[in-house]
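Undergrad: See input-v4.txt below, with compact mmCIF, C-alpha atoms (C1' of nucleotides).
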```txt
# COMPACT_ATOMS: atom_id res chain seq x y z
CA MET A 1 -2.26 7.95 10.79
CA ARG A 2 -4.98 6.21 8.85
CA TRP A 3 -5.78 6.35 5.16
CA GLY A 4 -8.64 8.73 5.63
CA GLU A 5 -6.61 11.24 7.56
CA LEU A 6 -3.95 11.51 4.91
CA LYS A 7 -6.07 13.42 2.44
CA ARG A 8 -6.52 16.20 4.98
CA GLU A 9 -2.79 16.88 5.14
CA LYS A 10 -1.68 20.19 3.70
CA CYS A 11 0.78 18.62 1.31
CA SER A 12 0.15 17.75 -2.29
CA VAL A 13 2.33 14.68 -2.09
CA ALA A 14 0.40 13.43 0.93
CA ARG A 15 -2.92 14.10 -0.75
CA THR A 16 -1.85 12.39 -3.93
CA VAL A 17 -0.54 9.47 -1.91
CA SER A 18 -3.92 9.24 -0.19
CA VAL A 19 -5.36 8.43 -3.62
CA ILE A 20 -2.66 6.40 -5.36
CA GLY A 21 -0.11 5.55 -2.67
CA ASP A 22 -0.73 1.86 -2.64
CA ARG A 23 0.94 -0.82 -4.65
CA TRP A 24 -2.26 -2.29 -6.07
CA THR A 25 -3.63 1.09 -7.00
CA LEU A 26 -0.48 1.92 -8.93
CA LEU A 27 -0.56 -1.39 -10.77
CA ILE A 28 -4.24 -0.93 -11.58
CA LEU A 29 -3.43 2.47 -13.01
CA ARG A 30 -0.57 1.06 -15.04
CA ASP A 31 -3.03 -1.34 -16.61
CA CYS A 32 -5.56 1.41 -17.17
CA PHE A 33 -2.97 3.17 -19.33
CA LEU A 34 -2.60 -0.10 -21.25
CA ARG A 35 -6.35 0.10 -21.92
CA VAL A 36 -7.41 -2.56 -19.47
CA ARG A 37 -10.92 -1.73 -18.34
CA ARG A 38 -12.72 -4.79 -17.03
CA PHE A 39 -12.81 -6.35 -13.63
CA ASP A 40 -11.82 -9.81 -14.77
CA GLU A 41 -8.98 -8.59 -16.91
CA PHE A 42 -7.52 -6.59 -14.05
CA GLU A 43 -7.82 -9.60 -11.84
CA GLY A 44 -6.20 -11.95 -14.30
CA ARG A 45 -3.29 -9.66 -15.17
CA LEU A 46 -2.52 -8.47 -11.67
CA GLY A 47 -2.97 -11.52 -9.48
CA ILE A 48 -4.90 -9.32 -7.08
CA THR A 49 -7.73 -10.76 -5.01
CA ARG A 50 -11.20 -9.81 -6.19
CA HIS A 51 -11.88 -8.41 -2.77
CA VAL A 52 -9.07 -5.89 -2.88
CA LEU A 53 -9.61 -5.12 -6.55
CA ALA A 54 -13.23 -4.17 -5.90
CA ASP A 55 -12.13 -1.98 -3.02
CA ARG A 56 -9.44 -0.16 -5.00
CA LEU A 57 -11.66 0.42 -8.01
CA LYS A 58 -14.31 1.85 -5.72
CA LYS A 59 -11.80 4.22 -4.16
CA LEU A 60 -10.43 5.31 -7.51
CA VAL A 61 -13.94 6.04 -8.73
CA ALA A 62 -14.71 7.97 -5.53
CA ALA A 63 -11.52 9.97 -6.07
CA GLY A 64 -12.54 10.84 -9.62
CA VAL A 65 -9.58 9.07 -11.18
CA LEU A 66 -11.66 6.37 -12.86
CA GLU A 67 -15.25 6.36 -13.95
CA ARG A 68 -17.52 3.34 -13.83
CA ARG A 69 -19.29 3.11 -17.13
CA LEU A 70 -22.06 0.80 -18.28
CA TYR A 71 -20.94 -1.01 -21.39
CA GLN A 72 -23.67 -3.64 -21.60
CA ALA A 73 -27.30 -3.43 -20.53
CA ARG A 74 -28.43 -7.03 -20.02
CA PRO A 75 -26.93 -8.13 -17.74
CA ARG A 76 -25.70 -4.78 -16.54
CA ARG A 77 -21.93 -4.71 -16.81
CA TYR A 78 -19.58 -1.91 -15.98
CA GLU A 79 -16.05 -1.07 -16.99
CA TYR A 80 -13.54 1.36 -15.58
CA ARG A 81 -12.01 4.17 -17.56
CA LEU A 82 -9.58 6.91 -16.76
CA THR A 83 -11.14 10.32 -16.37
CA GLN A 84 -9.25 13.46 -17.36
CA LYS A 85 -7.99 13.62 -13.79
CA GLY A 86 -6.79 10.05 -14.15
CA LEU A 87 -5.19 10.67 -17.53
CA GLU A 88 -3.14 13.39 -15.92
CA LEU A 89 -1.45 10.74 -13.82
CA HIS A 90 0.36 9.66 -16.95
CA PRO A 91 3.53 11.61 -16.12
CA VAL A 92 3.61 9.92 -12.73
CA LEU A 93 3.42 6.43 -14.22
CA LEU A 94 5.88 7.30 -16.95
CA THR A 95 8.50 8.63 -14.54
CA LEU A 96 7.91 5.65 -12.28
CA ALA A 97 8.47 3.29 -15.21
CA HIS A 98 11.53 5.20 -16.34
CA TRP A 99 13.13 4.95 -12.91
CA GLY A 100 12.49 1.22 -12.95
CA ASP A 101 14.03 0.98 -16.41
CA ARG A 102 17.15 2.71 -15.19
CA HIS A 103 17.53 1.11 -11.79
CA MET A 104 15.62 -2.13 -11.63
CA ALA A 105 15.91 -3.64 -15.11
CA GLY A 106 17.76 -6.90 -15.67
CA ALA A 107 20.77 -7.42 -17.89
CA LYS A 108 18.65 -7.66 -21.01
CA GLY A 109 17.39 -4.12 -20.70
CA PRO A 110 14.03 -2.52 -20.11
CA PRO A 111 10.89 -4.61 -20.61
CA VAL A 112 9.08 -1.95 -22.60
CA LEU A 113 9.95 0.96 -24.84
CA TYR A 114 8.00 4.14 -25.30
CA GLN A 115 7.42 5.75 -28.63
CA HIS A 116 6.45 9.38 -28.97
CA GLY A 117 3.75 9.62 -31.62
CA ALA A 118 4.53 13.23 -32.47
CA CYS A 119 8.11 12.55 -33.51
CA GLY A 120 8.06 8.78 -33.96
CA HIS A 121 11.10 8.19 -31.80
CA THR A 122 11.66 5.88 -28.90
CA PHE A 123 12.22 8.17 -25.98
CA ALA A 124 12.87 8.63 -22.31
CA PRO A 125 10.76 11.09 -20.33
CA VAL A 126 12.59 14.26 -19.35
CA LEU A 127 11.24 16.64 -16.76
CA THR A 128 11.54 20.27 -17.74
CA CYS A 129 10.72 23.68 -16.35
CA SER A 130 7.50 25.28 -17.58
CA ALA A 131 9.14 28.69 -17.35
CA CYS A 132 12.42 28.21 -19.19
CA GLY A 133 12.03 24.84 -20.83
CA GLU A 134 15.33 23.51 -19.49
CA ARG A 135 15.75 20.20 -17.75
CA VAL A 136 14.97 20.30 -14.03
CA GLU A 137 17.46 18.65 -11.69
CA ALA A 138 16.74 17.70 -8.07
CA ARG A 139 19.57 19.88 -6.78
CA ASP A 140 18.27 22.88 -8.63
CA VAL A 141 14.76 23.09 -7.23
CA ARG A 142 13.91 25.27 -4.26
CA VAL A 143 10.69 24.72 -2.38
CA GLY A 144 8.76 27.63 -0.87
CA ARG A 145 5.45 28.12 0.81
CA GLY A 146 2.51 28.50 -1.56
CA PRO A 147 -0.82 30.25 -1.01
CA GLY A 148 -2.48 27.14 0.46
CA GLY A 149 0.44 26.20 2.69
CA THR A 150 1.07 26.42 6.41
CA ARG A 151 4.30 26.87 8.33
CA ASP A 152 6.83 24.09 8.01
CA ALA A 153 10.35 24.24 9.32
CA ARG A 154 11.59 22.64 6.11
CA ILE A 155 9.79 24.93 3.71
CA ALA A 156 11.01 28.49 3.29
CA SER A 157 8.55 31.27 2.74
CA PHE A 158 10.07 32.77 -0.32
CA GLU A 159 8.31 35.77 -1.71
CA ALA A 160 7.67 34.28 -5.08
CA SER A 161 10.23 36.25 -6.98
CA ALA A 162 8.81 35.26 -10.24
CA SER A 163 5.95 34.42 -12.51
CA ARG A 164 4.39 31.03 -12.83
CA GLY A 165 5.17 29.19 -15.99
CA MET B 1 0.95 -11.68 -4.59
CA ARG B 2 3.22 -10.62 -1.77
CA TRP B 3 5.66 -7.75 -1.57
CA GLY B 4 8.64 -9.94 -2.27
CA GLU B 5 7.18 -11.38 -5.43
CA LEU B 6 6.52 -8.00 -6.96
CA LYS B 7 10.14 -7.20 -7.68
CA ARG B 8 10.42 -10.29 -9.86
CA GLU B 9 7.74 -9.04 -12.22
CA LYS B 10 8.94 -8.13 -15.68
CA CYS B 11 7.55 -4.64 -15.52
CA SER B 12 9.40 -1.53 -14.51
CA VAL B 13 6.36 -0.05 -12.87
CA ALA B 14 5.88 -3.19 -10.78
CA ARG B 15 9.53 -3.26 -9.83
CA THR B 16 9.51 0.39 -8.88
CA VAL B 17 6.33 -0.11 -6.92
CA SER B 18 8.02 -2.97 -5.06
CA VAL B 19 10.44 -0.35 -3.72
CA ILE B 20 8.35 2.79 -3.28
CA GLY B 21 4.74 1.68 -3.69
CA ASP B 22 3.67 2.32 -0.15
CA ARG B 23 2.22 5.43 1.35
CA TRP B 24 4.77 5.70 4.14
CA THR B 25 7.68 5.13 1.83
CA LEU B 26 6.53 7.91 -0.45
CA LEU B 27 6.09 10.31 2.45
CA ILE B 28 9.52 9.39 3.81
CA LEU B 29 11.01 10.15 0.41
CA ARG B 30 9.17 13.45 0.23
CA ASP B 31 10.83 14.41 3.50
CA CYS B 32 14.20 13.18 2.28
CA PHE B 33 13.97 15.70 -0.55
CA LEU B 34 13.25 18.35 2.11
CA ARG B 35 16.55 17.33 3.71
CA VAL B 36 15.09 15.42 6.62
CA ARG B 37 17.60 12.77 7.61
CA ARG B 38 17.10 11.64 11.20
CA PHE B 39 14.88 9.00 12.67
CA ASP B 40 13.23 11.26 15.20
CA GLU B 41 12.57 14.01 12.72
CA PHE B 42 10.90 11.61 10.31
CA GLU B 43 8.82 10.29 13.14
CA GLY B 44 7.76 13.70 14.37
CA ARG B 45 6.90 15.08 10.96
CA LEU B 46 5.11 12.04 9.59
CA GLY B 47 3.14 10.69 12.53
CA ILE B 48 4.40 7.25 11.57
CA THR B 49 4.99 4.61 14.21
CA ARG B 50 8.64 3.97 15.04
CA HIS B 51 8.11 0.35 14.16
CA VAL B 52 7.02 1.02 10.61
CA LEU B 53 9.53 3.81 10.15
CA ALA B 54 12.40 1.51 11.08
CA ASP B 55 11.08 -1.09 8.67
CA ARG B 56 10.70 1.32 5.75
CA LEU B 57 14.11 2.89 6.26
CA LYS B 58 15.65 -0.56 6.32
CA LYS B 59 13.94 -1.47 3.07
CA LEU B 60 14.95 1.75 1.39
CA VAL B 61 18.55 1.19 2.41
CA ALA B 62 18.40 -2.40 1.17
CA ALA B 63 17.03 -1.12 -2.14
CA GLY B 64 19.89 1.37 -2.47
CA VAL B 65 17.61 4.39 -2.37
CA LEU B 66 18.90 5.67 0.96
CA GLU B 67 22.19 5.15 2.70
CA ARG B 68 22.62 4.86 6.43
CA ARG B 69 25.47 7.09 7.41
CA LEU B 70 27.22 7.52 10.73
CA TYR B 71 27.12 11.16 11.74
CA GLN B 72 28.25 10.86 15.36
CA ALA B 73 30.60 8.32 16.91
CA ARG B 74 29.74 8.22 20.62
CA PRO B 75 27.02 7.19 20.92
CA ARG B 76 26.88 5.84 17.39
CA ARG B 77 24.13 7.59 15.52
CA TYR B 78 23.06 7.18 11.95
CA GLU B 79 21.17 9.34 9.53
CA TYR B 80 19.56 8.51 6.21
CA ARG B 81 20.50 10.18 2.98
CA LEU B 82 19.39 9.82 -0.58
CA THR B 83 21.82 7.99 -2.82
CA GLN B 84 22.14 8.86 -6.50
CA LYS B 85 19.51 6.21 -7.17
CA GLY B 86 17.29 7.90 -4.63
CA LEU B 87 17.92 11.36 -6.01
CA GLU B 88 16.70 10.13 -9.35
CA LEU B 89 13.29 9.63 -7.81
CA HIS B 90 12.95 13.39 -7.80
CA PRO B 91 10.90 13.50 -11.01
CA VAL B 92 8.51 10.98 -9.51
CA LEU B 93 7.93 13.05 -6.39
CA LEU B 94 7.71 16.25 -8.39
CA THR B 95 5.07 14.91 -10.76
CA LEU B 96 3.21 13.42 -7.82
CA ALA B 97 3.20 16.79 -6.08
CA HIS B 98 2.18 18.57 -9.24
CA TRP B 99 -0.80 16.31 -9.72
CA GLY B 100 -1.84 16.99 -6.15
CA ASP B 101 -1.46 20.72 -6.74
CA ARG B 102 -3.77 20.52 -9.74
CA HIS B 103 -6.34 18.10 -8.44
CA MET B 104 -6.27 17.94 -4.70
CA ALA B 105 -5.46 21.49 -3.58
CA GLY B 106 -7.99 23.52 -1.63
CA ALA B 107 -9.46 26.84 -2.67
CA LYS B 108 -6.44 28.77 -1.50
CA GLY B 109 -4.14 27.12 -3.97
CA PRO B 110 -1.17 24.79 -3.74
CA PRO B 111 0.65 24.46 -0.41
CA VAL B 112 4.11 24.79 -1.91
CA LEU B 113 5.71 26.40 -4.91
CA TYR B 114 8.76 25.22 -6.78
CA GLN B 115 11.47 27.53 -7.96
CA HIS B 116 13.89 26.54 -10.66
CA GLY B 117 17.35 27.68 -9.63
CA ALA B 118 18.65 27.88 -13.17
CA CYS B 119 16.09 30.42 -14.33
CA GLY B 120 14.79 31.72 -11.01
CA HIS B 121 11.15 31.22 -11.91
CA THR B 122 8.36 29.48 -10.12
CA PHE B 123 7.49 26.59 -12.34
CA ALA B 124 5.42 23.52 -13.00
CA PRO B 125 7.12 20.32 -14.13
CA VAL B 126 6.53 19.45 -17.76
CA LEU B 127 7.29 16.04 -19.14
CA THR B 128 9.05 16.13 -22.48
CA CYS B 129 10.44 13.73 -25.04
CA SER B 130 14.17 13.09 -24.90
CA ALA B 131 14.21 12.74 -28.68
CA CYS B 132 12.36 15.83 -29.90
CA GLY B 133 12.05 17.93 -26.76
CA GLU B 134 8.33 18.45 -27.16
CA ARG B 135 5.78 17.90 -24.43
CA VAL B 136 4.63 14.29 -24.08
CA GLU B 137 0.89 13.66 -23.79
CA ALA B 138 -0.69 10.44 -22.56
CA ARG B 139 -2.57 9.93 -25.81
CA ASP B 140 0.57 10.29 -27.85
CA VAL B 141 2.68 7.54 -26.32
CA ARG B 142 2.82 4.06 -27.76
CA VAL B 143 4.17 1.21 -25.72
CA GLY B 144 6.15 -1.60 -27.30
CA ARG B 145 8.11 -4.57 -26.12
CA GLY B 146 11.67 -3.81 -25.06
CA PRO B 147 14.69 -6.13 -24.99
CA GLY B 148 13.97 -7.33 -21.45
CA GLY B 149 10.26 -7.86 -22.00
CA THR B 150 8.05 -10.89 -22.44
CA ARG B 151 4.82 -11.34 -24.35
CA ASP B 152 1.88 -9.34 -23.11
CA ALA B 153 -1.43 -9.07 -24.91
CA ARG B 154 -1.48 -5.37 -24.17
CA ILE B 155 2.01 -4.55 -25.36
CA ALA B 156 2.74 -4.54 -29.07
CA SER B 157 6.04 -5.76 -30.32
CA PHE B 158 6.99 -2.82 -32.45
CA GLU B 159 10.25 -3.09 -34.26
CA ALA B 160 11.76 -0.04 -32.73
CA SER B 161 11.55 2.21 -35.72
CA ALA B 162 13.77 4.72 -34.19
CA SER B 163 16.73 5.69 -32.12
CA ARG B 164 16.72 6.13 -28.40
CA GLY B 165 16.84 9.64 -27.17
C1' DG C 1 -35.56 -26.02 -20.28
C1' DC C 2 -31.96 -27.33 -17.53
C1' DA C 3 -26.97 -27.19 -16.97
C1' DT C 4 -23.21 -24.55 -17.88
C1' DC C 5 -20.86 -20.25 -18.85
C1' DT C 6 -19.75 -15.19 -18.30
C1' DC C 7 -18.71 -11.26 -15.67
C1' DA C 8 -18.84 -8.30 -11.76
C1' DG C 9 -18.92 -8.40 -7.71
C1' DT C 10 -19.64 -10.07 -2.10
C1' DT C 11 -18.80 -12.97 1.92
C1' DC C 12 -16.07 -15.60 5.10
C1' DC C 13 -11.92 -17.09 7.54
C1' DA C 14 -6.95 -17.20 8.34
C1' DA C 15 -2.65 -14.75 7.89
C1' DA C 16 0.01 -10.60 7.62
C1' DA C 17 0.82 -5.84 8.53
C1' DA C 18 -0.02 -1.47 10.98
C1' DA C 19 -1.27 1.36 15.14
C1' DG C 20 -0.10 2.50 19.68
C1' DA C 21 2.49 2.34 23.68
C1' DA C 22 6.21 0.83 26.46
C1' DC C 23 10.89 -0.73 26.74
C1' DT C 24 16.20 -1.06 25.43
C1' DA C 25 20.81 0.55 24.28
C1' DT C 26 24.44 3.85 24.58
C1' DG C 27 26.07 7.53 25.89
C1' DT C 28 25.94 12.91 27.54
C1' DT C 29 24.44 16.69 30.62
C1' DG C 30 23.08 18.87 35.03
C1' DC D 1 23.13 9.65 40.04
C1' DA D 2 18.92 11.25 37.73
C1' DA D 3 17.33 13.08 33.59
C1' DC D 4 17.94 13.73 28.67
C1' DA D 5 18.89 12.50 23.79
C1' DT D 6 18.57 9.48 19.72
C1' DA D 7 17.79 5.30 17.37
C1' DG D 8 15.88 1.72 17.59
C1' DT D 9 13.01 -3.09 19.43
C1' DT D 10 9.20 -5.54 21.64
C1' DC D 11 4.50 -6.36 22.75
C1' DT D 12 -0.56 -6.32 22.15
C1' DT D 13 -4.63 -4.87 19.62
C1' DT D 14 -6.78 -3.46 15.38
C1' DT D 15 -6.92 -3.27 10.45
C1' DT D 16 -5.93 -4.95 6.05
C1' DT D 17 -4.87 -8.56 2.87
C1' DG D 18 -4.79 -13.28 0.80
C1' DG D 19 -7.33 -17.09 -0.61
C1' DA D 20 -11.23 -19.46 -1.73
C1' DA D 21 -16.08 -20.04 -2.14
C1' DC D 22 -20.53 -17.93 -3.08
C1' DT D 23 -24.15 -14.67 -5.46
C1' DG D 24 -26.85 -12.57 -9.11
C1' DA D 25 -28.46 -11.69 -13.70
C1' DG D 26 -28.65 -13.02 -17.58
C1' DA D 27 -26.60 -15.74 -22.20
C1' DT D 28 -25.51 -19.95 -24.46
C1' DG D 29 -25.33 -24.92 -25.55
C1' DC D 30 -27.60 -29.24 -25.97
```
Here is a file; write its structure as structure tokens.

TA:
Amino acid sequence: MRWGELKREKCSVARTVSVIGDRWTLLILRDCFLRVRRFDEFEGRLGITRHVLADRLKKLVAAGVLERRLYQARPRRYEYRLTQKGLELHPVLLTLAHWGDRHMAGAKGPPVLYQHGACGHTFAPVLTCSACGERVEARDVRVGRGPGGTRDARIASFEASASRG
Amino acid sequence: MRWGELKREKCSVARTVSVIGDRWTLLILRDCFLRVRRFDEFEGRLGITRHVLADRLKKLVAAGVLERRLYQARPRRYEYRLTQKGLELHPVLLTLAHWGDRHMAGAKGPPVLYQHGACGHTFAPVLTCSACGERVEARDVRVGRGPGGTRDARIASFEASASRG
DNA sequence: GCATCTCAGTTCCAAAAAAGAACTATGTTG
DNA sequence: CAACATAGTTCTTTTTTGGAACTGAGATGC
């Protein structure tokens, strides 16, 4: 399977992976959330080749995750900013970072801490259920076929017994 | 930068990406959460080449995300199962899938639905703050240097004003 | 007013990784 | 004994990446 074919898969993970399932893309997005916006700053921070950086930025713009915005007229210079669609990747990056904090950090502890503006506390991200508000555990999630799905031996077709949260 | 160098970066996103930042790896993990465990079933479902599949499984085992377990003695056959470390990637996959549901689904709607066993409802994952329990928004998170971090122009060194949740 | 600098790319070649298909190992089944 | 099953490995071709140099459009320094 090639990159292009992936986005045609009937699976939201596959489709998401077709956009961000690449190590450079994920690191670019990490920096976007740290307010990095310019080509040279991405290059300098990431140690990515200009070639690949240009390619990934182009793909992210095409996917609607970043927008290329003119910030200077003469000479024309562009920067890259997260769109709303891109901003909504925040939970992905945050859970990714949290897993790394838990499982890949050295003896000294996590490299960064996150502070929740609303309450002022340093926090860890917790995934909860939109319906009941309780914490969601891997073992306690059942997967069933949705309206846009096709048959899959691993996915039950439960008659959605319930409302959406 | 090569794959191997990535895990030495002092960033939890980079370190996590060094383990799962690859499209095939993410799709393999998706299937793991659907209880796929055998080489041939991964191959058949994913359309991955055996070569790459063997490589990715080996890396995931080396990273402690999967374990290779003997399930039949003669001939010796192994299957791959999520470890606790691997199970804790569930929030990553769930947020990934949710983003795809919101932004990449076709007109018919999302391909799968998630049911929360505890409450029985179909739900969407919501990221909340471990300290106050409220929803966490991208714009409302500040990043500061943690105990294992080094200087970074983009990361403030806030004197953690608060407890950890 | 020419050389140098800035920033956002593009181009070129060599090296690494992935696709695709066939082959191996170890046994079981008909 | 031939065919089947499962989990890989090996081989060759194609694609992607790394690395470094080059381009273009102006701004700045001397």

Undergrad: Go through B:Gln72, B:Gln115, B:Ser12, B:Ser157 and flag the residue nearest Cys129 (chain A), using all atoms listed in the file for the distances.

TA: B:Gln115

Undergrad: Counting only C-alpha atoms (C1' of nucleotides), which residues of chain A come no farther than 12 Å from chain C, as a list in words?

TA: Met1, Arg2, Trp3, Arg38, Phe39, Asp40, Glu41, Phe42, Glu43, Thr49, Arg50, His51, Val52, Leu53, Ala54, Asp55, Leu57, Lys58, Arg68, Leu70, Tyr71, Gln72, Arg74, Pro75, Arg76, Arg77, Tyr78, Glu79 and Tyr80 of chain A

Undergrad: Just to confirm, what's the straight-line distance from CA of Arg8 (chain B) to CA of Gly148 (chain B) in Å (one decimal)?

TA: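 About the pair CA of Arg8 (chain B) and CA of Gly148 (chain B): they are 12.5 Å apart.
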
Undergrad: What are the residues of chain D that have an atom within 8 Å of an atom of chain A, counting all atoms listed in the file, as an MDAnalysis selection string?

TA: chainID D and resid 17:19 25:26

Undergrad: (18.2, -4.1, -3.4) in this file's frame - what residues fall within 10 Å of it? Use only C-alpha atoms (C1' of nucleotides) and give the answer as a PDB file with C-alpha atoms, keeping the file's coordinate frame.

TA:
```
ATOM      1  CA  HIS A 103      17.530   1.110 -11.790  1.00  0.00           C
ATOM      2  CA  MET A 104      15.620  -2.130 -11.630  1.00  0.00           C
TER       3      MET A 104
ATOM      4  CA  LYS B   7      10.140  -7.200  -7.680  1.00  0.00           C
ATOM      5  CA  VAL B  19      10.440  -0.350  -3.720  1.00  0.00           C
ATOM      6  CA  LYS B  59      13.940  -1.470   3.070  1.00  0.00           C
ATOM      7  CA  LEU B  60      14.950   1.750   1.390  1.00  0.00           C
ATOM      8  CA  VAL B  61      18.550   1.190   2.410  1.00  0.00           C
ATOM      9  CA  ALA B  62      18.400  -2.400   1.170  1.00  0.00           C
ATOM     10  CA  ALA B  63      17.030  -1.120  -2.140  1.00  0.00           C
ATOM     11  CA  GLY B  64      19.890   1.370  -2.470  1.00  0.00           C
ATOM     12  CA  VAL B  65      17.610   4.390  -2.370  1.00  0.00           C
TER      13      VAL B  65
END
```

Undergrad: Calculate how many Å separate CA of Pro125 (chain B) from CA of Gln84 (chain A), rounding to one decimal.

TA: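 CA of Pro125 (chain B) sits 18.0 Å away from CA of Gln84 (chain A).
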
Undergrad: At what distance in Å, to one decimal, does CA of Arg102 (chain A) lie from CA of Pro147 (chain B)?

TA: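 Interatomic distance, CA of Pro147 (chain B) to CA of Arg102 (chain A): 13.4 Å.
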
Undergrad: List the neighbours of Ile155 (chain B) out to 10 Å using only C-alpha atoms (C1' of nucleotides); skip same-chain residues closer than 6 positions along the sequence, and give me the result as a compact mmCIF listing (two decimals) with C-alpha atoms, in the coordinates of the input.

TA:
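The resulting file, out_3.txt, is shown below:
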```
# COMPACT_ATOMS: atom_id res chain seq x y z
CA LEU A 34 -2.60 -0.10 -21.25
CA VAL A 112 9.08 -1.95 -22.60
CA LEU A 113 9.95 0.96 -24.84
CA ARG B 142 2.82 4.06 -27.76
CA VAL B 143 4.17 1.21 -25.72
CA GLY B 144 6.15 -1.60 -27.30
CA ARG B 145 8.11 -4.57 -26.12
CA GLY B 146 11.67 -3.81 -25.06
CA GLY B 149 10.26 -7.86 -22.00
```

Undergrad: Within 12 Å of Val141 (chain B), counting only C-alpha atoms (C1' of nucleotides), which residues qualify if same-chain residues fewer than 2 places away don't, as a list in words?

TA: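 Counting only the stated atoms, we get Phe33, Leu34, His90, Pro91, Leu94, Leu113, Tyr114, Gln115, His116, Gly117, Ala118, Cys119, Gly120, His121, Thr122, Phe123, Ala124 and Pro125 of chain A; Thr128, Cys129, Arg135, Val136, Glu137, Ala138, Arg139, Val143 and Gly144 of chain B.
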
Undergrad: Restrict the selected residues to C-alpha atoms and save them as a PDB file, keeping the file's coordinate frame.

TA:
```pdb
ATOM      1  CA  PHE A  33      -2.970   3.170 -19.330  1.00  0.00           C
ATOM      2  CA  LEU A  34      -2.600  -0.100 -21.250  1.00  0.00           C
ATOM      3  CA  HIS A  90       0.360   9.660 -16.950  1.00  0.00           C
ATOM      4  CA  PRO A  91       3.530  11.610 -16.120  1.00  0.00           C
ATOM      5  CA  LEU A  94       5.880   7.300 -16.950  1.00  0.00           C
ATOM      6  CA  LEU A 113       9.950   0.960 -24.840  1.00  0.00           C
ATOM      7  CA  TYR A 114       8.000   4.140 -25.300  1.00  0.00           C
ATOM      8  CA  GLN A 115       7.420   5.750 -28.630  1.00  0.00           C
ATOM      9  CA  HIS A 116       6.450   9.380 -28.970  1.00  0.00           C
ATOM     10  CA  GLY A 117       3.750   9.620 -31.620  1.00  0.00           C
ATOM     11  CA  ALA A 118       4.530  13.230 -32.470  1.00  0.00           C
ATOM     12  CA  CYS A 119       8.110  12.550 -33.510  1.00  0.00           C
ATOM     13  CA  GLY A 120       8.060   8.780 -33.960  1.00  0.00           C
ATOM     14  CA  HIS A 121      11.100   8.190 -31.800  1.00  0.00           C
ATOM     15  CA  THR A 122      11.660   5.880 -28.900  1.00  0.00           C
ATOM     16  CA  PHE A 123      12.220   8.170 -25.980  1.00  0.00           C
ATOM     17  CA  ALA A 124      12.870   8.630 -22.310  1.00  0.00           C
ATOM     18  CA  PRO A 125      10.760  11.090 -20.330  1.00  0.00           C
TER      19      PRO A 125
ATOM     20  CA  THR B 128       9.050  16.130 -22.480  1.00  0.00           C
ATOM     21  CA  CYS B 129      10.440  13.730 -25.040  1.00  0.00           C
ATOM     22  CA  ARG B 135       5.780  17.900 -24.430  1.00  0.00           C
ATOM     23  CA  VAL B 136       4.630  14.290 -24.080  1.00  0.00           C
ATOM     24  CA  GLU B 137       0.890  13.660 -23.790  1.00  0.00           C
ATOM     25  CA  ALA B 138      -0.690  10.440 -22.560  1.00  0.00           C
ATOM     26  CA  ARG B 139      -2.570   9.930 -25.810  1.00  0.00           C
ATOM     27  CA  VAL B 143       4.170   1.210 -25.720  1.00  0.00           C
ATOM     28  CA  GLY B 144       6.150  -1.600 -27.300  1.00  0.00           C
TER      29      GLY B 144
END
```
